[in-house]
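*Asks:* The following block contains the structure, expressed as C-alpha cells.
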Amino acid sequence: MAKAQEILGLLEARRNVLLAGPPGTGKSLLLSEVARLFESRGHSSTPTYDPDADVPIPAKPTTSLPGDIGTATHRKVFRCVLHQSSKHRDFLTGMMPDVRGGQPPGSFRITQGILYRASEFARQDDHAALIIIDEINRGPTVQVFGGAIVAMEADKRLGADGKPTPRTQFFDLIDPADGELIEYAFPSRLYILAAMNQADVSVEPLDVAFLRRWTPYNLEPDTSILRNYFGISATPVTALPATPTTAEDVCEAAIQAFDAVNARIALGRGAEFRIGHGVFMAGSTPPANLADTQEYFATAWRTLKNHIDEAFFGDVRGTAIILNADRGIAENPYRLEETSFGDAPRAIISGPATIEAAQIYDLFLALARKAV
C-alpha cells in the first residue's frame, strides 16, 4: 500500500512514471494496487471528523489521493500490454481496414487507440484517466508513441482548465471524427504508468530520449519480504544444520541461497539480471511441514535455474560460478567438468536435469556457501 501511494504521488507530480526492476519483484502486483486505489478514489468509508475544520464533518468522505487525482470525481483506468506487433494506430489513431459486418469491401476506418481514449476521457471536466502500460520495452515504443513523445511531459500538457499554456506541446494526429490531420495536446489529468523488465535480453533497450520523459521507480529483490512470508526470523541464522528437521530450516537455507545467487549474478552479469523474491512466493500461503516445504522449493528452483541459464546463456563458467559448481562442494549436485572436443578444451556442468525434493536442502547449502 505504501509503495502504491508513493507512485500515485509521483504520478501527480510528474504525470509519467516508469516502474522497473528484475522479474519477480512485484511489478504486476504493484500496478494492480495503484489501479485499485485510483479507481476507488482512495476514499475512507465514512466522513472524517475534524474539529478544527470550517465544517467539522464534511459532506463527502475524505480522500487519501494526492492533488488533481484526489479532486477529480470521475476516474477510469485503461490497461494495455505492448508487444512487437503494436502500432501507432493501436495506441493513438490511424487508418486500418474496416472488416466489421455491413461494411463494403475495401472500406477503411480511423482507429481510436487506448492512449487516445484515455486522453479523451481525461479531457472532460472533473475527469482523470490512468493508463497502465505493461511490458513497455517489448514493443517498438518510439514508433508506437510517435509525435506524442514530445507532448507527454507534465509541463507540455494543457493547463488544468483544459486550455493551452505557453509551454503546451502539440503533435499531429488523425481526427477519428473526420479523418483530418489536427494538432493535439494531452490533458493535465492524464496519468501514464508503465512497467518494464530491464533484464529482458530478447528486446532492445528503450530510446534514451524516450526514457527522459519518465520518472523512474525501481523495485529490488527483498529477502525481508520472504522472511515475513515464510514466518521466520528477520535475522539470518549463522549456522544451518547439515540435515533439516523443520520447515524453517529449509526456508532459511532457501533465502540465504537466494541472497548468495543474486549477489553473484549482480557481479557477473549486472544487478538488473537478478531475480525477485516472487520466485519463492508461488502461493497465497507457504507450506507448513518439512516434506511439503522441500517439494515447494524443488519446484521453485526450476524457475530460478531457468533464469540463471538465460542470464548466462553460452557462458558455462559463469553459470558454474553462480551455482558454486566450480568449487568441489560435496553437497552440491552440480559439478563443473573439464573435457575436450577434438583438440579444443571444453567445460560442461554435470548434474541432474531435475532437482528432487530430497536434494533441495543440500543444494541450498552449497549455493549459500561463500568463498573462503
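Chain labels follow the order of the C-alpha cells: the first chain is A, the next B, and so on; residue numbering restarts at 1 in every chain, and ligands are counted from 1 in their shown order.
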List the spatial neighbours of Tyr334 (chain A) as a list in words - criterion: any atom at most 6 Å away, only C-alpha atoms, same-chain residues fewer than 4 positions off excluded.

*Replies:* Ala325, Ser350 and Gly351 of chain A

*Asks:* Print the selection's residues with N, CA and C atoms to a file, as a short mmCIF file (atom, residue, chain, number, x, y, z; two decimals), in the first residue's frame.

*Replies:*
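Listing of result-v4.cif after writing:
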data_model
loop_
_atom_site.label_atom_id
_atom_site.label_comp_id
_atom_site.auth_asym_id
_atom_site.auth_seq_id
_atom_site.Cartn_x
_atom_site.Cartn_y
_atom_site.Cartn_z
N ALA A 325 29.35 -24.47 -8.67
CA ALA A 325 29.69 -25.79 -9.19
C ALA A 325 31.17 -25.94 -9.48
N SER A 350 27.82 -30.81 -15.07
CA SER A 350 27.08 -32.06 -14.91
C SER A 350 26.16 -31.94 -13.70
N GLY A 351 25.09 -32.69 -13.73
CA GLY A 351 24.15 -32.65 -12.62
C GLY A 351 22.78 -33.12 -13.07
#

*Asks:* Would you mind writing down, as a PDB file with C-alpha atoms, in the first residue's frame, each residue of region 36-201 of chain A that DSSP on the backbone assigns to alpha helix (DSSP H)?

*Replies:*
ATOM      1  CA  ARG A  36      -7.318  -0.227  -7.427  1.00  0.00           C
ATOM      2  CA  LEU A  37      -6.545   2.893  -5.406  1.00  0.00           C
ATOM      3  CA  PHE A  38      -7.021   5.150  -8.428  1.00  0.00           C
ATOM      4  CA  GLU A  39     -10.434   3.678  -9.259  1.00  0.00           C
ATOM      5  CA  SER A  40     -11.597   3.552  -5.639  1.00  0.00           C
ATOM      6  CA  GLY A  67      -3.642  16.746  -5.801  1.00  0.00           C
ATOM      7  CA  ASP A  68      -5.675  16.674  -9.007  1.00  0.00           C
ATOM      8  CA  ILE A  69      -6.070  12.906  -8.719  1.00  0.00           C
ATOM      9  CA  GLY A  70      -7.884  13.328  -5.424  1.00  0.00           C
ATOM     10  CA  THR A  71     -10.163  16.147  -6.564  1.00  0.00           C
ATOM     11  CA  HIS A  88       0.746   3.780 -33.612  1.00  0.00           C
ATOM     12  CA  ARG A  89      -2.847   3.216 -34.709  1.00  0.00           C
ATOM     13  CA  ASP A  90      -3.384   0.804 -31.772  1.00  0.00           C
ATOM     14  CA  PHE A  91      -2.172   3.412 -29.324  1.00  0.00           C
ATOM     15  CA  ILE A 114      -6.094   3.174 -25.939  1.00  0.00           C
ATOM     16  CA  LEU A 115      -3.942   6.247 -25.211  1.00  0.00           C
ATOM     17  CA  TYR A 116      -6.277   8.381 -27.322  1.00  0.00           C
ATOM     18  CA  ARG A 117      -9.350   7.037 -25.474  1.00  0.00           C
ATOM     19  CA  ALA A 118      -7.706   7.647 -22.093  1.00  0.00           C
ATOM     20  CA  SER A 119      -6.746  11.164 -23.158  1.00  0.00           C
ATOM     21  CA  GLU A 120     -10.254  11.957 -24.397  1.00  0.00           C
ATOM     22  CA  PHE A 121     -11.716  10.709 -21.109  1.00  0.00           C
ATOM     23  CA  ALA A 122      -9.318  12.923 -19.124  1.00  0.00           C
ATOM     24  CA  ARG A 123     -10.167  15.985 -21.256  1.00  0.00           C
ATOM     25  CA  THR A 141       7.910   2.319 -28.303  1.00  0.00           C
ATOM     26  CA  VAL A 142       9.183   5.211 -30.428  1.00  0.00           C
ATOM     27  CA  GLN A 143       7.002   4.155 -33.379  1.00  0.00           C
ATOM     28  CA  VAL A 144       4.001   3.479 -31.133  1.00  0.00           C
ATOM     29  CA  PHE A 145       4.125   6.863 -29.399  1.00  0.00           C
TER      30      PHE A 145
END

*Asks:* Could you write out, as a list of chain:residue names, all the residues of region 50-172 of chain A that DSSP marks as strand (DSSP E)?

*Replies:*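 The strand (DSSP E) subset of region 50-172 of chain A is A:His74, A:Arg75, A:Lys76, A:Val77, A:Phe78, A:Arg79, A:Cys80, A:Val81, A:Thr93, A:Gly94, A:Met95, A:Met96, A:Pro97, A:Phe108, A:Arg109, A:Ile110, A:Thr111, A:Gln112, A:His127, A:Ala128, A:Ala129, A:Leu130, A:Ile131, A:Ile132, A:Ile133, A:Asp134, A:Phe171, A:Asp172.
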
*Asks:* Pick out the closest residue to Gly283 (chain A) from this set: A:Tyr229, A:Leu31, A:Arg213, A:Ile308. Count only C-alpha atoms.

*Replies:*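 The shortest atom-to-atom distance to Gly283 (chain A) comes from A:Tyr229.
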